[in-house]
$ cat data-v2.cif   # mmCIF, C-alpha atoms
data_model
#
loop_
_atom_site.label_atom_id
_atom_site.label_comp_id
_atom_site.auth_asym_id
_atom_site.auth_seq_id
_atom_site.Cartn_x
_atom_site.Cartn_y
_atom_site.Cartn_z
CA MET A 29 6.29 3.41 31.89
CA LEU A 30 3.16 3.77 29.74
CA PHE A 31 5.18 5.66 27.10
CA LEU A 32 7.84 2.94 27.07
CA GLN A 33 5.19 0.23 26.71
CA LYS A 34 3.59 2.05 23.79
CA TYR A 35 7.01 2.57 22.21
CA ARG A 36 7.75 -1.15 22.61
CA ASP A 37 4.40 -2.13 21.11
CA PHE A 38 4.82 0.39 18.29
CA SER A 39 8.23 -1.12 17.51
CA LEU A 40 6.97 -4.71 17.60
CA VAL A 41 4.00 -4.04 15.33
CA THR A 42 6.13 -1.95 12.97
CA LEU A 43 8.65 -4.81 12.68
CA GLY A 44 5.84 -7.32 12.24
CA ASN A 45 4.40 -5.17 9.48
CA PHE A 46 7.85 -4.96 7.88
CA PHE A 47 8.13 -8.73 7.63
CA PHE A 48 4.53 -9.11 6.46
CA PHE A 49 5.27 -6.67 3.65
CA CYS A 50 8.45 -8.55 2.74
CA ASN A 51 6.05 -11.36 1.87
CA PHE A 52 3.48 -9.09 0.24
CA SER A 53 5.97 -7.05 -1.81
CA SER A 54 7.71 -10.18 -3.09
CA PHE A 55 4.52 -10.89 -5.00
CA PHE A 56 5.15 -7.81 -7.13
CA LEU A 57 7.31 -10.33 -9.00
CA LEU A 58 4.28 -12.54 -9.60
CA PRO A 59 3.81 -11.01 -13.11
CA LEU A 60 7.09 -12.69 -14.10
CA PHE A 61 5.72 -16.06 -12.91
CA ILE A 62 2.40 -15.49 -14.68
CA ARG A 63 4.15 -14.74 -17.94
CA ASP A 64 6.40 -17.80 -17.57
CA ILE A 65 3.36 -20.08 -17.21
CA GLY A 66 1.65 -18.63 -20.30
CA GLY A 67 -0.10 -15.40 -19.25
CA ASP A 68 -0.07 -12.21 -21.33
CA GLU A 69 -0.26 -8.58 -20.12
CA ALA A 70 -4.05 -8.69 -19.79
CA ARG A 71 -3.93 -11.87 -17.68
CA ILE A 72 -1.25 -10.31 -15.52
CA GLY A 73 -3.67 -7.45 -14.89
CA TYR A 74 -6.54 -9.85 -14.16
CA VAL A 75 -4.55 -11.93 -11.66
CA MET A 76 -2.95 -8.95 -9.94
CA GLY A 77 -6.28 -7.12 -9.81
CA THR A 78 -8.11 -10.11 -8.33
CA PHE A 79 -6.28 -9.45 -5.07
CA GLY A 80 -8.32 -6.28 -4.68
CA ILE A 81 -11.72 -8.00 -4.79
CA THR A 82 -11.32 -9.50 -1.33
CA SER A 83 -8.82 -7.01 0.10
CA ILE A 84 -11.50 -4.38 -0.51
CA GLY A 85 -14.62 -6.47 0.03
CA VAL A 86 -13.79 -7.60 3.56
CA ILE A 87 -12.50 -4.24 4.84
CA PRO A 88 -15.90 -3.02 6.19
CA PHE A 89 -16.10 -6.18 8.29
CA VAL A 90 -12.48 -5.97 9.38
CA ALA A 91 -13.01 -2.34 10.42
CA PHE A 92 -16.12 -3.34 12.36
CA LEU A 93 -14.30 -6.21 14.11
CA ILE A 94 -11.19 -4.26 15.13
CA ASP A 95 -13.26 -1.33 16.46
CA HIS A 96 -15.26 -3.78 18.58
CA TYR A 97 -12.72 -6.45 19.60
CA GLY A 98 -9.28 -4.89 19.24
CA ARG A 99 -6.50 -5.12 16.70
CA ARG A 100 -4.04 -7.81 17.85
CA ARG A 101 -5.97 -11.02 17.18
CA PHE A 102 -6.69 -9.97 13.60
CA MET A 103 -3.03 -9.16 12.93
CA LEU A 104 -2.20 -12.69 14.04
CA GLY A 105 -4.91 -14.25 11.89
CA GLY A 106 -3.90 -12.26 8.81
CA SER A 107 -0.21 -13.20 9.07
CA CYS A 108 -1.04 -16.91 9.51
CA LEU A 109 -3.30 -16.90 6.46
CA MET A 110 -0.72 -15.12 4.29
CA PHE A 111 1.92 -17.66 5.32
CA LEU A 112 -0.24 -20.61 4.25
CA ILE A 113 -1.52 -19.11 1.00
CA SER A 114 1.94 -18.06 -0.18
CA LEU A 115 3.15 -21.66 0.18
CA LEU A 116 0.29 -23.00 -1.94
CA TYR A 117 1.60 -21.19 -5.06
CA ILE A 118 4.06 -24.08 -5.32
CA PHE A 119 1.23 -26.13 -6.81
CA ILE A 120 0.34 -23.63 -9.57
CA SER A 121 1.51 -24.62 -13.08
CA ASP A 122 -0.69 -22.51 -15.38
CA VAL A 123 -3.09 -19.58 -15.32
CA ASN A 124 -6.29 -21.23 -14.12
CA VAL A 125 -8.90 -20.79 -11.44
CA LYS A 126 -6.51 -21.89 -8.67
CA ILE A 127 -4.21 -18.89 -9.04
CA PHE A 128 -7.23 -16.55 -8.87
CA ILE A 129 -8.44 -18.25 -5.68
CA LEU A 130 -5.02 -17.84 -4.08
CA ARG A 131 -4.94 -14.13 -4.97
CA LEU A 132 -8.43 -13.74 -3.50
CA MET A 133 -7.28 -15.35 -0.24
CA GLN A 134 -4.16 -13.20 -0.15
CA GLY A 135 -6.46 -10.20 -0.36
CA VAL A 136 -8.33 -11.41 2.73
CA ALA A 137 -5.07 -11.91 4.63
CA PHE A 138 -3.82 -8.47 3.63
CA ALA A 139 -7.05 -6.72 4.66
CA PHE A 140 -7.02 -8.34 8.10
CA PHE A 141 -3.36 -7.77 8.83
CA PHE A 142 -2.66 -4.33 7.42
CA THR A 143 -5.89 -2.66 8.57
CA SER A 144 -5.32 -4.03 12.07
CA ALA A 145 -1.63 -3.12 12.18
CA ALA A 146 -2.06 0.42 10.84
CA THR A 147 -4.90 1.07 13.30
CA ALA A 148 -2.88 -0.37 16.19
CA VAL A 149 -0.02 2.00 15.37
CA SER A 150 -2.41 4.98 15.34
CA ASP A 151 -3.45 3.91 18.87
CA TYR A 152 0.15 4.07 20.07
CA VAL A 153 1.19 7.38 18.44
CA PRO A 154 0.27 10.78 20.04
CA SER A 155 -1.64 13.18 17.79
CA GLU A 156 1.12 15.83 17.81
CA VAL A 157 3.54 13.46 16.04
CA ARG A 158 0.94 11.47 14.12
CA ALA A 159 2.29 12.05 10.60
CA TYR A 160 5.83 11.29 11.75
CA GLY A 161 4.81 8.08 13.56
CA LEU A 162 2.74 6.88 10.61
CA GLY A 163 5.61 7.86 8.33
CA ILE A 164 8.10 5.73 10.29
CA PHE A 165 5.62 2.85 10.24
CA GLY A 166 5.29 3.37 6.50
CA ALA A 167 9.06 3.66 6.06
CA PHE A 168 9.49 0.16 7.44
CA THR A 169 6.72 -0.96 5.10
CA ILE A 170 8.65 0.46 2.15
CA ALA A 171 11.93 -0.94 3.50
CA SER A 172 10.47 -4.36 2.85
CA TYR A 173 10.58 -3.58 -0.88
CA SER A 174 14.39 -3.52 -0.69
CA VAL A 175 14.34 -7.01 0.81
CA GLY A 176 11.42 -8.97 -0.63
CA PRO A 177 11.56 -8.30 -4.41
CA PRO A 178 15.35 -7.84 -4.92
CA ILE A 179 16.28 -11.01 -3.00
CA GLY A 180 13.23 -12.73 -4.48
CA GLU A 181 14.44 -11.93 -7.99
CA PHE A 182 17.80 -13.50 -7.11
CA VAL A 183 16.08 -16.58 -5.64
CA ILE A 184 13.99 -17.01 -8.79
CA GLU A 185 17.04 -16.75 -11.05
CA ARG A 186 19.11 -19.19 -9.00
CA PHE A 187 16.61 -21.64 -7.51
CA GLY A 188 13.29 -21.27 -9.31
CA TYR A 189 9.78 -20.29 -8.33
CA SER A 190 9.06 -23.10 -5.83
CA THR A 191 11.93 -21.96 -3.61
CA PHE A 192 10.79 -18.37 -4.10
CA PHE A 193 7.32 -19.13 -2.72
CA ILE A 194 8.83 -20.88 0.32
CA TYR A 195 11.21 -17.95 0.84
CA THR A 196 8.49 -15.32 0.76
CA SER A 197 6.04 -17.24 2.99
CA LEU A 198 8.54 -17.36 5.86
CA PHE A 199 8.32 -13.60 6.26
CA SER A 200 4.70 -13.86 7.39
CA LEU A 201 5.77 -16.37 10.02
CA LEU A 202 8.15 -13.75 11.40
CA ALA A 203 5.34 -11.18 11.29
CA PHE A 204 3.19 -13.46 13.42
CA ILE A 205 5.96 -13.81 16.04
CA PHE A 206 6.54 -10.06 16.42
CA CYS A 207 2.82 -9.23 16.61
CA PHE A 208 2.28 -12.03 19.11
CA LEU A 209 4.76 -10.28 21.43
CA SER A 210 2.86 -6.97 21.24
CA ARG A 211 -0.01 -5.90 23.49
CA GLU A 212 -3.37 -4.41 22.62
CA GLY A 213 -3.33 -0.61 22.56
CA ASP A 214 -5.89 1.77 24.03
CA PHE A 215 -9.02 2.12 21.93
CA THR A 216 -12.64 3.13 22.45
CA VAL A 217 -15.06 0.28 21.76
CA SER A 218 -17.46 1.24 18.97
CA ARG A 219 -21.21 0.67 19.36
CA LYS A 220 -21.96 1.18 15.69
CA SER A 221 -22.99 -1.50 13.20
CA VAL A 222 -20.98 -2.49 10.14
CA PHE A 223 -22.96 -0.22 7.85
CA SER A 224 -23.48 2.79 10.10
CA GLY A 225 -19.89 2.66 11.33
CA PHE A 226 -18.18 2.28 7.97
CA PHE A 227 -20.28 3.40 5.03
CA ASP A 228 -21.63 6.50 6.76
CA LEU A 229 -18.02 7.50 7.35
CA VAL A 230 -16.95 6.80 3.75
CA PHE A 231 -19.62 9.08 2.28
CA SER A 232 -19.43 11.80 4.92
CA ALA A 233 -18.20 15.29 4.05
CA ARG A 234 -15.23 14.77 6.38
CA PHE A 235 -13.75 11.96 4.33
CA ARG A 236 -15.14 11.52 0.81
CA VAL A 237 -12.84 13.92 -1.07
CA LEU A 238 -9.74 12.70 0.76
CA LEU A 239 -10.68 9.08 0.05
CA LEU A 240 -11.29 9.82 -3.63
CA THR A 241 -7.94 11.61 -3.85
CA ASN A 242 -6.27 8.68 -2.11
CA LEU A 243 -7.83 6.27 -4.63
CA ILE A 244 -6.43 8.25 -7.57
CA ILE A 245 -2.98 8.41 -5.96
CA ALA A 246 -3.10 4.64 -5.48
CA VAL A 247 -3.74 4.15 -9.22
CA GLY A 248 -0.37 5.79 -9.84
CA LEU A 249 1.34 3.61 -7.23
CA GLY A 250 -0.38 0.48 -8.55
CA SER A 251 0.83 1.14 -12.08
CA MET A 252 4.39 1.00 -10.71
CA LEU A 253 4.04 -1.94 -8.35
CA ASN A 254 1.98 -4.16 -10.65
CA PHE A 255 3.61 -3.51 -14.03
CA PHE A 256 6.96 -1.76 -13.72
CA SER A 257 8.96 -4.99 -13.25
CA VAL A 258 7.69 -6.30 -16.61
CA PHE A 259 8.26 -2.92 -18.31
CA LEU A 260 11.86 -2.84 -17.08
CA GLU A 261 12.50 -6.44 -18.09
CA GLU A 262 11.29 -5.65 -21.63
CA ASN A 263 13.96 -2.94 -21.68
CA LYS A 264 16.64 -5.36 -20.37
CA ILE A 265 16.73 -3.63 -16.96
CA HIS A 266 16.56 -5.50 -13.63
CA ALA A 267 13.45 -4.81 -11.55
CA ARG A 268 15.65 -4.41 -8.49
CA SER A 269 16.77 -1.02 -9.81
CA PHE A 270 13.27 0.31 -9.08
CA PHE A 271 12.61 -1.47 -5.80
CA LEU A 272 15.96 -0.55 -4.24
CA THR A 273 15.71 3.09 -5.34
CA TYR A 274 12.11 3.28 -4.17
CA SER A 275 12.90 1.78 -0.78
CA VAL A 276 15.99 3.84 0.00
CA THR A 277 14.43 7.12 -1.15
CA VAL A 278 11.17 6.70 0.76
CA ILE A 279 12.94 5.62 3.96
CA LEU A 280 15.30 8.60 3.88
CA ILE A 281 12.47 11.04 3.19
CA ARG A 282 10.34 9.71 6.03
CA VAL A 283 13.16 9.54 8.55
CA LEU A 284 14.75 12.90 7.69
CA GLY A 285 11.67 14.86 6.62
CA GLY A 286 8.87 12.95 8.28
CA ARG A 287 8.10 15.75 10.74
CA LEU A 288 7.29 18.17 7.92
CA PRO A 289 3.54 17.31 7.71
CA ASP A 290 3.32 17.78 11.51
CA ILE A 291 4.89 21.24 11.25
CA VAL A 292 3.56 22.60 7.95
CA GLU A 293 -0.15 22.48 7.09
CA ARG A 294 -0.72 19.00 5.67
CA ARG A 295 -2.58 20.09 2.52
CA LYS A 296 0.40 22.26 1.55
CA ILE A 297 2.62 19.19 1.62
CA ALA A 298 0.18 16.89 -0.19
CA LEU A 299 -0.38 18.92 -3.36
CA PRO A 300 3.25 19.38 -4.50
CA SER A 301 3.91 15.73 -3.66
CA MET A 302 1.14 14.68 -6.05
CA ILE A 303 2.57 16.90 -8.78
CA ILE A 304 6.00 15.26 -8.39
CA MET A 305 4.39 11.81 -8.74
CA ILE A 306 2.65 12.91 -11.96
CA LEU A 307 5.91 14.18 -13.46
CA SER A 308 7.63 10.87 -12.74
CA LEU A 309 4.89 8.88 -14.50
CA LEU A 310 5.15 11.11 -17.56
CA MET A 311 8.93 10.56 -17.58
CA ILE A 312 8.66 6.77 -17.90
CA SER A 313 8.48 6.78 -21.70
CA SER A 314 12.00 8.24 -21.74
CA ILE A 315 13.57 5.29 -19.87
CA SER A 316 16.29 3.62 -21.93
CA SER A 317 18.89 2.51 -19.37
CA THR A 318 19.34 1.51 -15.75
CA LEU A 319 20.42 5.07 -14.91
CA SER A 320 17.25 6.60 -16.37
CA ALA A 321 15.15 3.95 -14.59
CA VAL A 322 16.80 4.88 -11.29
CA LEU A 323 16.18 8.59 -11.96
CA VAL A 324 12.47 8.05 -12.66
CA SER A 325 12.20 5.76 -9.64
CA PHE A 326 13.83 8.44 -7.48
CA VAL A 327 11.45 11.18 -8.63
CA PHE A 328 8.42 8.93 -8.12
CA SER A 329 9.61 7.89 -4.65
CA LEU A 330 10.33 11.51 -3.71
CA GLY A 331 6.70 12.46 -4.31
CA TYR A 332 5.06 9.36 -2.91
CA GLY A 333 7.38 9.08 0.09
CA ILE A 334 5.94 12.10 1.88
CA LEU A 335 2.45 11.92 0.37
CA TYR A 336 1.27 8.65 1.95
CA PRO A 337 1.82 9.59 5.63
CA THR A 338 0.42 13.07 4.95
CA ILE A 339 -2.86 11.75 3.54
CA SER A 340 -3.15 9.02 6.17
CA ALA A 341 -2.59 11.60 8.95
CA MET A 342 -5.31 13.81 7.42
CA ILE A 343 -7.66 10.81 7.55
CA ILE A 344 -6.91 9.95 11.19
CA ASP A 345 -7.13 13.66 12.15
CA ARG A 346 -10.80 13.59 11.13
CA ALA A 347 -11.67 10.32 12.90
CA LEU A 348 -13.38 10.12 16.28
CA ASP A 349 -11.84 7.88 18.94
CA ASP A 350 -14.30 5.04 18.32
CA GLU A 351 -13.98 5.08 14.51
CA ARG A 352 -10.23 4.86 13.94
CA GLY A 353 -10.59 1.32 12.63
CA ALA A 354 -13.34 2.41 10.24
CA ALA A 355 -11.30 5.43 9.10
CA MET A 356 -8.17 3.35 8.50
CA GLY A 357 -10.28 0.69 6.82
CA ALA A 358 -11.79 3.30 4.47
CA PHE A 359 -8.31 4.64 3.74
CA ASN A 360 -7.05 1.13 2.93
CA MET A 361 -10.16 0.36 0.87
CA SER A 362 -9.76 3.41 -1.37
CA PHE A 363 -6.06 2.60 -1.65
CA SER A 364 -6.76 -1.02 -2.62
CA ILE A 365 -9.36 0.00 -5.21
CA GLY A 366 -6.79 2.24 -6.86
CA ILE A 367 -3.99 -0.34 -6.81
CA ASN A 368 -5.94 -3.48 -7.62
CA PHE A 369 -9.19 -2.80 -9.48
CA PHE A 370 -7.56 -0.37 -11.87
CA ALA A 371 -4.95 -3.04 -12.67
CA PHE A 372 -7.57 -4.68 -14.93
CA ALA A 373 -7.88 -1.56 -17.11
CA LEU A 374 -4.17 -0.76 -16.98
CA GLY A 375 -3.33 -4.29 -18.13
CA LEU A 376 -5.58 -3.93 -21.16
CA ILE A 377 -4.08 -0.54 -22.04
CA ALA A 378 -0.55 -1.98 -21.73
CA ARG A 379 -1.43 -4.95 -23.94
CA ASP A 380 -3.10 -2.91 -26.70
CA TYR A 381 -1.11 0.35 -26.62
CA GLY A 382 2.14 -0.42 -24.78
CA PHE A 383 3.48 0.38 -21.33
CA SER A 384 4.66 3.89 -22.21
CA ASN A 385 1.15 4.94 -23.22
CA MET A 386 -0.29 3.24 -20.14
CA TYR A 387 1.96 5.30 -17.87
CA SER A 388 1.15 8.51 -19.73
CA ALA A 389 -2.57 7.78 -19.29
CA THR A 390 -2.00 7.10 -15.58
CA GLY A 391 -0.20 10.41 -15.15
CA ILE A 392 -3.04 12.29 -16.84
CA PHE A 393 -5.55 10.47 -14.63
CA MET A 394 -3.63 11.61 -11.55
CA VAL A 395 -4.03 15.21 -12.72
CA ALA A 396 -7.73 14.74 -11.91
CA GLY A 397 -6.74 13.97 -8.33
CA CYS A 398 -4.75 17.21 -8.14
CA ILE A 399 -7.70 19.19 -9.45
CA ILE A 400 -10.17 17.63 -6.99
CA PHE A 401 -7.79 18.11 -4.04
CA THR A 402 -6.96 21.69 -5.04
CA TYR A 403 -10.61 22.67 -5.38
CA LYS A 404 -11.59 21.13 -2.04
CA TYR A 405 -8.66 22.23 0.11
CA PHE A 406 -7.52 25.46 -1.54
CA LEU A 407 -10.34 27.00 -3.60
CA SER A 408 -13.67 26.15 -1.97
CA GLY A 409 -13.50 28.64 0.88
CA GLY A 410 -12.72 28.84 4.55
CA ARG A 411 -14.62 25.73 5.55
CA ALA A 412 -12.31 23.44 3.58
CA LYS A 413 -9.27 25.26 4.90
CA ARG A 414 -10.37 24.83 8.49
CA LEU A 415 -10.83 21.10 7.90
CA SER A 416 -7.26 20.86 6.65
#

$ encode --input "data-v2.cif" --output "structure tokens"
Amino acid sequence: MLFLQKYRDFSLVTLGNFFFFCNFSSFFLLPLFIRDIGGDEARIGYVMGTFGITSIGVIPFVAFLIDHYGRRRFMLGGSCLMFLISLLYIFISDVNVKIFILRLMQGVAFAFFFTSAATAVSDYVPSEVRAYGLGIFGAFTIASYSVGPPIGEFVIERFGYSTFFIYTSLFSLLAFIFCFLSREGDFTVSRKSVFSGFFDLVFSARFRVLLLTNLIIAVGLGSMLNFFSVFLEENKIHARSFFLTYSVTVILIRVLGGRLPDIVERRKIALPSMIIMILSLLMISSISSTLSAVLVSFVFSLGYGILYPTISAMIIDRALDDERGAAMGAFNMSFSIGINFFAFALGLIARDYGFSNMYSATGIFMVAGCIIFTYKYFLSGGRAKRLS
């Protein structure tokens, strides 16, 4: 009965997360809106990157709250806030302070919901199938990219941006309903403060290299999610070619091969996955048609699809029972820094040197992540290997 309850709660939270990310991922089309109301590539980077200020800044407090008071109430609060903020974009007509405020508030909503949901799922999933469970959870996250942006692009073309913002906000309402039906999972109440519980963990030997590697990986993902739709449009290619390929590939990999990081040593899965991601970024300059865009999207998704649950499982493996929220919060923080803060710099590079050069620079930057990970988990001796 306990197993069935946990399975039910896992399913409800996973579906809630799916709908929340249908809302979130639809805003990968926001660069098109920004450009239509007068923004250039740099302003696209500024607006998209603003999201990360609050999504990162509030994570230590979110981690503290969910380790002390549970996960469910903060999932509900985050989904409600995302619903309301997404609707308010209807009143934006140019790139001014209001659009930055809305992105800041979306960052708050995201931090509360996703940190809570991902931690709740880790409560439900047994350790022996942790990577697989987190992979399935992540697969539904990625599945949202085949719903939110492709349908959103159609809605924009047929009905305009006001209808688009109404369309995307409704997904967070569905997320609220599914999470409301779930129950709180088993967790150990933390007695640590915000700073001792979170920042001590971030800078500890158990986590710092993994978190840095995760940040660098997220820069690669962010370059795709924040800018690829505009790059494809410049080449007369629909953005849906990326999002559909990305979604289908990642889902298939996690469903069919999701047990691999639970069977094979996780570090031996992570490194080749990073290398595949790097190759895909370096291939972007060769895109000239929908077919080549799909090929690059497939290669990128192949690498990233197995990498995310592998790294997240390595993080949770190292967490004590009363610091899962802090560990997942640190994971999400490093991820958000990579996706959002680096969008400022990537936007400037794209404006001054072009998207092809931006993606080449991103690929080279990811090589640094490979080097750091390889040194720590393959070359630095038995201690690192035991930790893997």

$ closest_residue --input "data-v2.cif" --among "A:Ile84, A:Ile62, A:Ala91, A:Leu201" --to "Met110 (chain A)" --atoms "only C-alpha atoms"
A:Leu201

$ closest_residue --input "data-v2.cif" --among "A:Ser301, A:Ser114, A:Ser190, A:Asn254" --to "Phe401 (chain A)" --atoms "all atoms listed in the file"
A:Ser301

$ closest_residue --input "data-v2.cif" --among "A:Leu243, A:Leu130, A:Val322, A:Met361" --to "Phe142 (chain A)" --atoms "all atoms listed in the file"
A:Met361

$ atom_distance --input "data-v2.cif" --atom1 "CA of Leu330 (chain A)" --atom2 "CA of Cys398 (chain A)"
16.7 Å

$ closest_residue --input "data-v2.cif" --among "A:Met76, A:Leu239, A:Ala371, A:Cys108" --to "Phe55 (chain A)" --atoms "all atoms listed in the file"
A:Met76

$ residues_around --input "data-v2.cif" --residues "Gly357 (chain A)" --least-positions-apart "5" --cutoff "8 Å" --atoms "all atoms listed in the file" --output "PyMOL selection string"
chain A and resi 87-88+90-91+143

$ closest_residue --input "data-v2.cif" --among "A:Ser54, A:Thr196, A:Ser107, A:Thr273" --to "Ser329 (chain A)" --atoms "only C-alpha atoms"
A:Thr273

$ residues_around --input "data-v2.cif" --residues "Thr338 (chain A)" --least-positions-apart "5" --cutoff "9 Å" --atoms "all atoms listed in the file" --output "PyMOL selection string"
chain A and resi 159-160+162-163+289-290+294-295+297-298+343

$ write_last_selection --input "data-v2.cif" --atoms "C-alpha atoms" --output "tab-separated table (two decimals), in the coordinates of the input"
chain	number	residue	atom	x	y	z
A	159	ALA	CA	2.29	12.05	10.60
A	160	TYR	CA	5.83	11.29	11.75
A	162	LEU	CA	2.74	6.88	10.61
A	163	GLY	CA	5.61	7.86	8.33
A	289	PRO	CA	3.54	17.31	7.71
A	290	ASP	CA	3.32	17.78	11.51
A	294	ARG	CA	-0.72	19.00	5.67
A	295	ARG	CA	-2.58	20.09	2.52
A	297	ILE	CA	2.62	19.19	1.62
A	298	ALA	CA	0.18	16.89	-0.19
A	343	ILE	CA	-7.66	10.81	7.55

$ residues_around --input "data-v2.cif" --residues "Phe208 (chain A)" --least-positions-apart "5" --cutoff "10 Å" --atoms "all atoms listed in the file" --output "list in words"
Leu40, Val41, Gly44, Arg100, Arg101, Met103, Leu104, Leu202 and Ala203 of chain A

$ resolve_selection --input "data-v2.cif" --expression "the PyMOL selection byres ((chain A and resi 152) around 8)" --output "JSON, numbers by chain"
{"A": [34, 35, 37, 38, 148, 149, 150, 151, 153, 154, 213, 214]}

$ atom_distance --input "data-v2.cif" --atom1 "CA of Ile170 (chain A)" --atom2 "CA of Phe328 (chain A)"
13.3 Å

$ closest_residue --input "data-v2.cif" --among "A:Gly382, A:Gly85, A:Gly366, A:Pro59" --to "Ile244 (chain A)" --atoms "all atoms listed in the file"
A:Gly366

$ residues_around --input "data-v2.cif" --residues "region 171-175 of chain A" --least-positions-apart "3" --cutoff "9 Å" --atoms "all atoms listed in the file" --output "ChimeraX atom specification"
/A:46-54,166-168,178-180,268,271-276,278-279

$ resolve_selection --input "data-v2.cif" --expression "the PyMOL selection byres ((chain A and resi 117) around 8)" --output "VMD selection string"
chain A and resid 113 to 116 118 to 120 127 130 190 193

$ write_last_selection --input "data-v2.cif" --atoms "C-alpha atoms" --output "mmCIF file, in the frame of the given file"
data_model
loop_
_atom_site.group_PDB
_atom_site.id
_atom_site.type_symbol
_atom_site.label_atom_id
_atom_site.label_comp_id
_atom_site.auth_asym_id
_atom_site.auth_seq_id
_atom_site.Cartn_x
_atom_site.Cartn_y
_atom_site.Cartn_z
ATOM 1 C CA ILE A 113 -1.520 -19.110 1.000
ATOM 2 C CA SER A 114 1.940 -18.060 -0.180
ATOM 3 C CA LEU A 115 3.150 -21.660 0.180
ATOM 4 C CA LEU A 116 0.290 -23.000 -1.940
ATOM 5 C CA ILE A 118 4.060 -24.080 -5.320
ATOM 6 C CA PHE A 119 1.230 -26.130 -6.810
ATOM 7 C CA ILE A 120 0.340 -23.630 -9.570
ATOM 8 C CA ILE A 127 -4.210 -18.890 -9.040
ATOM 9 C CA LEU A 130 -5.020 -17.840 -4.080
ATOM 10 C CA SER A 190 9.060 -23.100 -5.830
ATOM 11 C CA PHE A 193 7.320 -19.130 -2.720
#

$ resolve_selection --input "data-v2.cif" --expression "the PyMOL selection byres ((chain A and resi 83) around 12)" --output "compact mmCIF listing (two decimals) with C-alpha atoms, in the frame of the given file"
# COMPACT_ATOMS: atom_id res chain seq x y z
CA MET A 76 -2.95 -8.95 -9.94
CA GLY A 77 -6.28 -7.12 -9.81
CA THR A 78 -8.11 -10.11 -8.33
CA PHE A 79 -6.28 -9.45 -5.07
CA GLY A 80 -8.32 -6.28 -4.68
CA ILE A 81 -11.72 -8.00 -4.79
CA THR A 82 -11.32 -9.50 -1.33
CA ILE A 84 -11.50 -4.38 -0.51
CA GLY A 85 -14.62 -6.47 0.03
CA VAL A 86 -13.79 -7.60 3.56
CA ILE A 87 -12.50 -4.24 4.84
CA PRO A 88 -15.90 -3.02 6.19
CA PHE A 89 -16.10 -6.18 8.29
CA VAL A 90 -12.48 -5.97 9.38
CA GLY A 106 -3.90 -12.26 8.81
CA ARG A 131 -4.94 -14.13 -4.97
CA LEU A 132 -8.43 -13.74 -3.50
CA MET A 133 -7.28 -15.35 -0.24
CA GLN A 134 -4.16 -13.20 -0.15
CA GLY A 135 -6.46 -10.20 -0.36
CA VAL A 136 -8.33 -11.41 2.73
CA ALA A 137 -5.07 -11.91 4.63
CA PHE A 138 -3.82 -8.47 3.63
CA ALA A 139 -7.05 -6.72 4.66
CA PHE A 140 -7.02 -8.34 8.10
CA PHE A 141 -3.36 -7.77 8.83
CA PHE A 142 -2.66 -4.33 7.42
CA THR A 143 -5.89 -2.66 8.57
CA GLY A 357 -10.28 0.69 6.82
CA ALA A 358 -11.79 3.30 4.47
CA ASN A 360 -7.05 1.13 2.93
CA MET A 361 -10.16 0.36 0.87
CA SER A 362 -9.76 3.41 -1.37
CA PHE A 363 -6.06 2.60 -1.65
CA SER A 364 -6.76 -1.02 -2.62
CA ILE A 365 -9.36 0.00 -5.21
CA GLY A 366 -6.79 2.24 -6.86
CA ILE A 367 -3.99 -0.34 -6.81
CA ASN A 368 -5.94 -3.48 -7.62
CA PHE A 369 -9.19 -2.80 -9.48

$ atom_distance --input "data-v2.cif" --atom1 "CA of Val258 (chain A)" --atom2 "CA of Phe61 (chain A)"
10.6 Å

$ residues_around --input "data-v2.cif" --residues "Ile377 (chain A)" --least-positions-apart "5" --cutoff "12 Å" --atoms "all atoms listed in the file" --output "MDAnalysis selection string"
chainID A and resid 69:70 73 251 255 370:372 382:390

$ write_last_selection --input "data-v2.cif" --atoms "C-alpha atoms" --output "PDB file, in the frame of the given file"
ATOM      1  CA  GLU A  69      -0.260  -8.580 -20.120  1.00  0.00           C
ATOM      2  CA  ALA A  70      -4.050  -8.690 -19.790  1.00  0.00           C
ATOM      3  CA  GLY A  73      -3.670  -7.450 -14.890  1.00  0.00           C
ATOM      4  CA  SER A 251       0.830   1.140 -12.080  1.00  0.00           C
ATOM      5  CA  PHE A 255       3.610  -3.510 -14.030  1.00  0.00           C
ATOM      6  CA  PHE A 370      -7.560  -0.370 -11.870  1.00  0.00           C
ATOM      7  CA  ALA A 371      -4.950  -3.040 -12.670  1.00  0.00           C
ATOM      8  CA  PHE A 372      -7.570  -4.680 -14.930  1.00  0.00           C
ATOM      9  CA  GLY A 382       2.140  -0.420 -24.780  1.00  0.00           C
ATOM     10  CA  PHE A 383       3.480   0.380 -21.330  1.00  0.00           C
ATOM     11  CA  SER A 384       4.660   3.890 -22.210  1.00  0.00           C
ATOM     12  CA  ASN A 385       1.150   4.940 -23.220  1.00  0.00           C
ATOM     13  CA  MET A 386      -0.290   3.240 -20.140  1.00  0.00           C
ATOM     14  CA  TYR A 387       1.960   5.300 -17.870  1.00  0.00           C
ATOM     15  CA  SER A 388       1.150   8.510 -19.730  1.00  0.00           C
ATOM     16  CA  ALA A 389      -2.570   7.780 -19.290  1.00  0.00           C
ATOM     17  CA  THR A 390      -2.000   7.100 -15.580  1.00  0.00           C
TER      18      THR A 390
END

$ axis_aligned_box --input "data-v2.cif" --around "region 334-341 of chain A" --padding-each-side "6 Å" --output "lines of an AutoDock Vina configuration file"
center_x = 1.4
center_y = 10.9
center_z = 4.7
size_x = 21.1
size_y = 16.4
size_z = 20.6

$ residues_near_point --input "data-v2.cif" --point "(-3.2, 17.3, -12.6)" --cutoff "12 Å" --atoms "only C-alpha atoms" --output "list in words"
Thr241, Ile244, Ile245, Leu299, Pro300, Ser301, Met302, Ile303, Ile304, Met305, Ile306, Leu307, Leu309, Leu310, Ala389, Thr390, Gly391, Ile392, Phe393, Met394, Val395, Ala396, Gly397, Cys398, Ile399, Ile400, Phe401, Thr402 and Tyr403 of chain A
